[in-house]
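For reference, coords_6.csv (CSV, C-alpha atoms and all ligand atoms):
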chain,number,residue,atom,x,y,z
A,1,MET,CA,262.5,100.3,33.2
A,2,ASP,CA,261.4,97.4,35.4
A,3,TRP,CA,259.0,94.7,34.4
A,4,GLY,CA,255.9,96.0,36.2
A,5,MET,CA,256.2,99.5,34.7
A,6,LYS,CA,256.7,98.0,31.2
A,7,ASN,CA,253.8,95.6,31.7
A,8,ARG,CA,251.4,98.4,32.8
A,9,LEU,CA,252.5,100.7,30.0
A,10,SER,CA,252.0,97.9,27.4
A,11,ARG,CA,248.5,97.3,28.6
A,12,LEU,CA,247.8,101.0,27.9
A,13,ILE,CA,249.9,101.7,24.8
A,14,GLN,CA,249.1,99.1,22.2
A,15,ARG,CA,251.6,97.1,20.1
A,16,ASP,CA,251.3,99.6,17.2
A,17,GLY,CA,252.6,102.3,19.7
A,18,ARG,CA,249.1,104.0,19.7
A,19,ALA,CA,246.5,104.5,22.4
A,20,MET,CA,242.9,105.5,22.7
A,21,PHE,CA,241.9,106.4,26.3
A,22,LEU,CA,238.4,107.4,27.3
A,23,PRO,CA,238.3,109.8,30.2
A,24,ILE,CA,235.1,109.9,32.3
A,25,ASP,CA,236.7,111.7,35.2
A,26,HIS,CA,235.0,115.0,34.6
A,27,GLY,CA,232.7,114.7,37.6
A,28,TYR,CA,235.6,115.1,40.0
A,29,PHE,CA,235.2,118.9,39.7
A,30,GLN,CA,232.2,119.4,37.4
A,31,GLY,CA,229.7,117.1,39.2
A,32,PRO,CA,227.1,115.2,37.1
A,33,THR,CA,228.3,116.5,33.7
A,34,THR,CA,225.8,116.3,30.8
A,35,ARG,CA,225.6,112.7,29.5
A,36,LEU,CA,227.9,111.5,32.3
A,37,GLU,CA,225.1,111.6,34.9
A,38,GLU,CA,225.3,107.7,35.1
A,39,PRO,CA,228.9,106.9,34.1
A,40,GLY,CA,228.3,103.1,34.0
A,41,LYS,CA,225.6,103.6,31.3
A,42,THR,CA,227.7,106.1,29.4
A,43,ILE,CA,230.7,103.7,29.0
A,44,ALA,CA,228.8,100.4,28.5
A,45,PRO,CA,228.5,100.7,24.7
A,46,LEU,CA,231.9,102.3,24.3
A,47,ILE,CA,234.2,100.1,26.3
A,48,ASP,CA,235.0,97.7,23.5
A,49,TYR,CA,236.4,100.4,21.3
A,50,VAL,CA,238.9,102.0,23.8
A,51,ASP,CA,242.3,100.9,25.1
A,52,GLY,CA,241.8,102.3,28.7
A,53,ILE,CA,239.5,104.4,30.8
A,54,MET,CA,240.4,107.3,33.0
A,55,LEU,CA,238.2,107.9,36.1
A,56,THR,CA,238.2,108.4,39.8
A,57,ARG,CA,238.0,105.7,42.5
A,58,GLY,CA,234.4,106.7,43.3
A,59,VAL,CA,233.1,106.1,39.8
A,60,LEU,CA,235.3,103.0,39.4
A,61,ARG,CA,234.0,101.3,42.6
A,62,ASN,CA,230.4,102.2,42.1
A,63,CYS,CA,229.8,102.2,38.4
A,64,VAL,CA,232.2,99.8,36.7
A,65,ASP,CA,232.1,96.0,36.8
A,66,PRO,CA,235.2,94.7,38.4
A,67,ALA,CA,235.3,92.0,35.8
A,68,ILE,CA,236.1,94.6,33.2
A,69,ASN,CA,239.0,93.7,31.0
A,70,LYS,CA,240.3,97.2,30.3
A,71,PRO,CA,243.2,99.0,32.0
A,72,ILE,CA,242.3,101.7,34.4
A,73,ILE,CA,243.9,105.1,34.6
A,74,LEU,CA,243.0,106.3,38.0
A,75,ARG,CA,242.7,110.1,38.5
A,76,VAL,CA,244.3,110.9,41.8
A,77,SER,CA,244.2,114.7,41.9
A,78,GLY,CA,241.3,117.0,42.8
A,79,GLY,CA,239.8,118.8,45.7
A,80,THR,CA,238.4,121.7,43.7
A,81,SER,CA,235.0,122.4,42.0
A,82,MET,CA,233.3,124.5,39.4
A,83,ALA,CA,231.6,126.3,42.2
A,84,ARG,CA,235.0,128.1,42.7
A,85,ARG,CA,236.1,128.4,39.1
A,86,ASP,CA,239.0,130.8,39.9
A,87,GLU,CA,240.5,128.2,42.2
A,88,LEU,CA,240.5,125.1,39.9
A,89,ASP,CA,244.3,125.2,39.9
A,90,GLN,CA,244.5,124.5,43.6
A,91,GLU,CA,244.4,120.7,43.4
A,92,GLY,CA,245.9,118.3,45.8
A,93,ILE,CA,246.4,114.5,45.7
A,94,ILE,CA,243.1,112.9,46.8
A,95,THR,CA,243.8,109.2,46.3
A,96,SER,CA,246.8,107.3,47.7
A,97,VAL,CA,249.1,105.1,45.6
A,98,LYS,CA,248.2,102.2,48.0
A,99,GLU,CA,244.6,102.7,46.8
A,100,ALA,CA,245.7,102.7,43.2
A,101,VAL,CA,247.4,99.3,43.8
A,102,ARG,CA,244.3,98.0,45.6
A,103,LEU,CA,242.2,99.0,42.6
A,104,ASN,CA,244.6,97.4,40.2
A,105,ALA,CA,245.2,100.6,38.3
A,106,SER,CA,247.5,100.4,35.3
A,107,ALA,CA,248.4,104.1,35.7
A,108,VAL,CA,247.5,107.1,37.7
A,109,SER,CA,246.8,110.6,36.4
A,110,MET,CA,246.9,114.0,37.9
A,111,SER,CA,246.7,117.7,36.7
A,112,VAL,CA,249.4,120.3,36.7
A,113,PHE,CA,248.5,123.9,36.2
A,114,VAL,CA,251.5,125.6,34.7
A,115,GLY,CA,251.2,129.4,34.6
A,116,ALA,CA,248.4,129.5,37.2
A,117,PRO,CA,248.7,130.4,40.9
A,118,GLY,CA,248.6,126.7,41.7
A,119,GLU,CA,251.7,126.0,39.5
A,120,HIS,CA,254.2,125.3,42.2
A,121,GLN,CA,251.8,123.3,44.4
A,122,THR,CA,250.7,121.0,41.5
A,123,LEU,CA,254.2,120.5,40.1
A,124,LEU,CA,255.4,119.4,43.6
A,125,ASN,CA,252.3,117.1,43.8
A,126,LEU,CA,253.5,115.6,40.5
A,127,ALA,CA,257.1,115.1,41.8
A,128,ARG,CA,255.9,113.4,44.9
A,129,LEU,CA,253.5,111.2,43.1
A,130,VAL,CA,256.1,110.2,40.6
A,131,ASP,CA,258.5,109.3,43.4
A,132,GLU,CA,256.0,107.1,45.0
A,133,CYS,CA,254.6,105.5,41.9
A,134,GLU,CA,258.0,104.6,40.5
A,135,GLU,CA,258.6,102.5,43.6
A,136,TYR,CA,255.6,100.4,42.6
A,137,GLY,CA,256.1,100.4,38.8
A,138,ILE,CA,253.0,102.5,38.2
A,139,PRO,CA,253.2,105.0,35.3
A,140,VAL,CA,252.0,108.6,36.0
A,141,MET,CA,250.1,110.4,33.3
A,142,ALA,CA,250.3,114.2,33.8
A,143,VAL,CA,247.4,116.3,32.6
A,144,THR,CA,248.5,119.8,31.5
A,145,ALA,CA,245.3,121.5,32.7
A,146,VAL,CA,244.2,125.0,31.9
A,147,GLY,CA,241.1,125.1,34.1
A,148,ALA,CA,238.6,127.6,32.6
A,149,GLU,CA,241.3,129.4,30.6
A,150,LEU,CA,240.9,127.5,27.4
A,151,GLU,CA,242.5,130.3,25.4
A,152,LYS,CA,245.9,129.3,26.9
A,153,ARG,CA,246.1,126.3,24.5
A,154,ASP,CA,248.8,127.5,22.1
A,155,ALA,CA,251.9,125.7,21.1
A,156,ARG,CA,254.2,127.8,23.3
A,157,TYR,CA,252.2,127.2,26.4
A,158,LEU,CA,251.5,123.5,25.7
A,159,ALA,CA,255.2,122.8,24.9
A,160,LEU,CA,256.2,124.5,28.2
A,161,ALA,CA,253.7,122.6,30.3
A,162,SER,CA,254.3,119.2,28.6
A,163,ARG,CA,258.1,119.4,28.9
A,164,ILE,CA,258.0,120.4,32.5
A,165,ALA,CA,255.7,117.4,33.3
A,166,ALA,CA,258.0,115.1,31.5
A,167,GLU,CA,261.1,116.5,33.2
A,168,ILE,CA,259.5,115.9,36.6
A,169,GLY,CA,258.9,112.3,35.6
A,170,ALA,CA,255.5,111.7,34.0
A,171,ARG,CA,255.6,108.6,31.8
A,172,VAL,CA,252.9,109.9,29.6
A,173,VAL,CA,251.6,113.5,29.1
A,174,LYS,CA,248.1,114.4,28.2
A,175,THR,CA,247.9,117.8,26.6
A,176,TYR,CA,245.7,119.6,24.0
A,177,TYR,CA,246.1,119.7,20.3
A,178,CYS,CA,246.8,123.1,18.7
A,179,GLU,CA,246.7,123.7,15.0
A,180,GLU,CA,249.8,125.9,14.8
A,181,GLY,CA,253.1,124.3,16.0
A,182,PHE,CA,251.8,121.1,17.6
A,183,GLU,CA,254.9,119.3,16.2
A,184,LYS,CA,257.0,121.5,18.5
A,185,VAL,CA,255.0,120.4,21.5
A,186,VAL,CA,255.7,116.8,20.6
A,187,LYS,CA,259.4,117.4,19.7
A,188,GLY,CA,260.1,119.1,23.1
A,189,CYS,CA,258.5,116.4,25.2
A,190,PRO,CA,260.6,113.2,25.7
A,191,VAL,CA,257.6,111.0,26.7
A,192,PRO,CA,254.5,110.0,24.7
A,193,ILE,CA,251.8,112.6,24.3
A,194,VAL,CA,248.0,112.0,24.1
A,195,ILE,CA,245.6,114.7,23.3
A,196,ALA,CA,242.3,115.7,25.1
A,197,GLY,CA,239.4,117.1,23.2
A,198,GLY,CA,238.1,119.8,25.4
A,199,PRO,CA,234.5,121.0,25.3
A,200,LYS,CA,232.3,119.3,22.6
A,201,VAL,CA,232.5,121.0,19.2
A,202,ASP,CA,229.7,120.9,16.6
A,203,SER,CA,231.4,119.1,13.8
A,204,GLU,CA,232.7,115.5,14.1
A,205,LEU,CA,234.9,116.1,11.1
A,206,GLU,CA,236.7,118.8,13.1
A,207,VAL,CA,237.5,116.2,15.8
A,208,PHE,CA,238.7,113.7,13.2
A,209,ARG,CA,241.0,116.4,11.8
A,210,TRP,CA,242.5,117.2,15.2
A,211,VAL,CA,243.1,113.6,16.0
A,212,TYR,CA,244.6,112.8,12.5
A,213,ASP,CA,246.8,115.9,12.5
A,214,ALA,CA,248.0,115.3,16.1
A,215,LEU,CA,249.0,111.7,15.1
A,216,GLN,CA,250.8,112.9,12.0
A,217,LYS,CA,252.8,115.3,14.2
A,218,GLY,CA,253.8,112.7,16.7
A,219,ALA,CA,251.1,112.2,19.3
A,220,ILE,CA,250.5,108.5,20.1
A,221,GLY,CA,246.7,108.9,20.6
A,222,VAL,CA,244.0,110.5,22.6
A,223,ASN,CA,242.5,110.8,26.0
A,224,LEU,CA,239.3,112.2,24.6
A,225,GLY,CA,236.0,112.3,26.4
A,226,ARG,CA,233.2,114.9,25.7
A,227,ASN,CA,233.6,114.8,22.0
A,228,ILE,CA,232.7,111.1,22.1
A,229,TRP,CA,230.3,110.6,24.9
A,230,GLN,CA,228.4,113.9,24.7
A,231,HIS,CA,227.9,113.3,21.0
A,232,ASP,CA,224.4,112.1,19.8
A,233,HIS,CA,226.2,109.1,18.3
A,234,PRO,CA,229.0,108.2,20.7
A,235,VAL,CA,229.6,104.6,19.4
A,236,ALA,CA,230.0,106.0,15.8
A,237,MET,CA,232.4,108.6,17.1
A,238,ALA,CA,234.4,106.0,19.0
A,239,LYS,CA,234.6,103.7,16.0
A,240,ALA,CA,235.7,106.5,13.7
A,241,ILE,CA,238.4,107.8,16.1
A,242,ARG,CA,239.6,104.3,16.7
A,243,ALA,CA,240.1,103.9,13.0
A,244,ILE,CA,242.3,107.0,12.8
A,245,ILE,CA,244.4,105.8,15.7
A,246,HIS,CA,244.8,102.1,14.9
A,247,GLU,CA,244.1,101.9,11.2
A,248,ASN,CA,245.6,105.2,10.0
A,249,ALA,CA,242.2,106.3,8.6
A,250,THR,CA,242.2,109.8,7.2
A,251,PRO,CA,239.6,112.3,8.5
A,252,GLU,CA,237.5,111.7,5.4
A,253,GLU,CA,237.6,107.9,5.8
A,254,SER,CA,236.7,108.4,9.4
A,255,GLN,CA,233.7,110.5,8.4
A,256,GLN,CA,232.5,107.6,6.2
A,257,ILE,CA,233.1,105.1,9.1
A,258,PHE,CA,231.1,107.5,11.3
A,259,ASN,CA,228.2,107.8,8.8
A,260,ALA,CA,228.0,104.0,8.4
A,261,ALA,CA,228.1,103.3,12.1
A,262,LYS,CA,225.6,106.0,12.8
A,263,SER,CA,223.1,104.5,10.4
A,264,GLU,CA,223.5,101.0,11.7
A,265,SER,CA,223.5,101.8,15.5
A,266,LYS,CA,221.0,103.2,17.9
A,267,VAL,CA,223.7,105.0,20.0
B,301,LIG,C1,239.1,117.0,32.7
B,301,LIG,O1,238.0,117.0,33.1
B,301,LIG,C2,239.7,115.7,32.5
B,301,LIG,O2,241.1,115.7,32.9
B,301,LIG,C3,239.5,115.1,31.2
B,301,LIG,O3,240.0,113.8,31.4
B,301,LIG,C4,240.2,115.7,30.0
B,301,LIG,O4,239.9,117.1,29.9
B,301,LIG,C5,239.9,115.0,28.7
B,301,LIG,O5,238.6,115.0,28.4
B,301,LIG,P1,237.9,115.9,27.3
B,301,LIG,O6,238.3,115.3,25.9
B,301,LIG,O7,236.4,115.8,27.5
B,301,LIG,O8,238.5,117.3,27.4

Translate this structure into structure tokens?
Amino acid sequence: MDWGMKNRLSRLIQRDGRAMFLPIDHGYFQGPTTRLEEPGKTIAPLIDYVDGIMLTRGVLRNCVDPAINKPIILRVSGGTSMARRDELDQEGIITSVKEAVRLNASAVSMSVFVGAPGEHQTLLNLARLVDECEEYGIPVMAVTAVGAELEKRDARYLALASRIAAEIGARVVKTYYCEEGFEKVVKGCPVPIVIAGGPKVDSELEVFRWVYDALQKGAIGVNLGRNIWQHDHPVAMAKAIRAIIHENATPEESQQIFNAAKSESKV
């Protein structure tokens, strides 16, 4: 691995081998998602607690201070929308690697839709993107996307999609947590795995349990959005999840951190 690739990865994955990424890219197909209507305001109180933010060039340019000292994971795939839910898997590459360099991205991310009609197209997108990014020392994070088919998220499917993404050359894979067999997903994927959260759930303890269990089973961290910034107390959520990732807090300890942060903070 050359110096530039190592340097970019070390900005994202911390010295303890763990990582907490905050994705705010949802608008690229969902439009002004609840509590992400003004992304700059959403991330302002959270930025200190995360190791990187994932977003599109439009939000980066218009809503984020260029003096920010956090690594950027630039989403470069898209071209679909919730208005055509059945075609969410038909993504293409919407941002060039030259643009990623211009924006000083530490990594780029894109979705692959294994098992969907767009499988072949999105896997070839990944292959081309990896070829180009490797030339410039930019890591590619592959997102194993399921579109609206959330029920697909079992170990067999996630292991298949994650392994394929790694085989094609992703340096990091973002996938989902699953209660049964997540260790097999990690074991079968030769590159680091981070987990997404999916749609917001009602109980914060449930989120802490996913994150804790995923780390115990070998994930290096999270790329977790809605269960932080759609929560009524996003800062408390970010602090509690950070404690699991970087301080090995248990779900119960994280709940206490959450409770304390919630009572001392307005957000
Ligand atoms: C999908 O909209 C994006 O790829 C998100 O970055 C990803 O789903 C993670 O965000 P969340 O935890 O909200 O699912």

Report as a PyMOL selection string which protein, DNA and RNA residues come within 7 Å of ligand LIG 301 (chain B), using only C-alpha atoms and all ligand atoms. chain A and resi 23-26+54+143+196-199+223-227

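When only C-alpha atoms are used to measure the gap to Lys184 (chain A), the shortest distance among A:Ile73, A:Leu160, A:Ala116, A:Leu124 belongs to A:Leu160.
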
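Between CA of Tyr49 (chain A) and CA of Ile68 (chain A) there is a distance of 13.2 Å.
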
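Among A:Pro117, A:Phe21, A:Ser203, A:Phe258, the residue with the shortest atom-to-atom distance to Asp86 (chain A), counting only C-alpha atoms, is A:Pro117.
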
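The interatomic distance for the pair CA of Thr122 (chain A) and CA of Gln230 (chain A) works out to 28.8 Å.
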
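Coordinates place CA of Ile195 (chain A) at a distance of 24.0 Å from CA of Arg128 (chain A).
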
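Comparing A:Tyr28, A:Ala155, A:Ser96, A:Gly118 by their smallest distance to Glu132 (chain A), the closest is A:Ser96 (using only C-alpha atoms).
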
Arg242 (chain A): which residues within 9 Å, counting all atoms listed in the file, same-chain residues fewer than 4 positions away excluded, as a short mmCIF file (atom, residue, chain, number, x, y, z; two decimals) with C-alpha atoms, in the coordinates of the input?
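What ended up in part.cif:
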data_model
loop_
_atom_site.label_atom_id
_atom_site.label_comp_id
_atom_site.auth_asym_id
_atom_site.auth_seq_id
_atom_site.Cartn_x
_atom_site.Cartn_y
_atom_site.Cartn_z
CA ALA A 19 246.50 104.50 22.40
CA MET A 20 242.90 105.50 22.70
CA TYR A 49 236.40 100.40 21.30
CA VAL A 50 238.90 102.00 23.80
CA MET A 237 232.40 108.60 17.10
CA ALA A 238 234.40 106.00 19.00
CA HIS A 246 244.80 102.10 14.90
CA GLU A 247 244.10 101.90 11.20
CA ALA A 249 242.20 106.30 8.60
CA SER A 254 236.70 108.40 9.40
#

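Distances from A:Leu150, A:Arg209, A:Gly137, A:Gln255 to Trp3 (chain A) were compared using all atoms listed in the file, and the smallest one belongs to A:Gly137.
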
Quick one: everything within 9 Å of region 186-192 of chain A, counting only C-alpha atoms, minus sequence neighbours fewer than 6 positions away in the same chain. Send it as a VMD selection string. chain A and resid 159 to 160 162 to 167 170 to 174 217 to 221

Pick out the closest residue to Arg102 (chain A) from this set: A:Val194, A:Ile72, A:Ile244, A:Cys178. Count all atoms listed in the file. A:Ile72

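Using only C-alpha atoms, the residues found no farther than 7 Å from Tyr177 (chain A), other than those of its own chain fewer than 4 positions away, are Phe182, Ile195, Trp210 and Ala214 of chain A.
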
With distances taken over all atoms listed in the file, which residue among A:Val108, A:Gln30, A:Leu123, A:Leu46 lies nearest Gly79 (chain A)? A:Gln30

Please identify all polymer residues within 12 Å of Asn7 (chain A), counting only C-alpha atoms, omitting same-chain residues fewer than 3 positions from it, and present them as a ChimeraX atom specification. /A:1-4,10-15,71,105-107,137-139
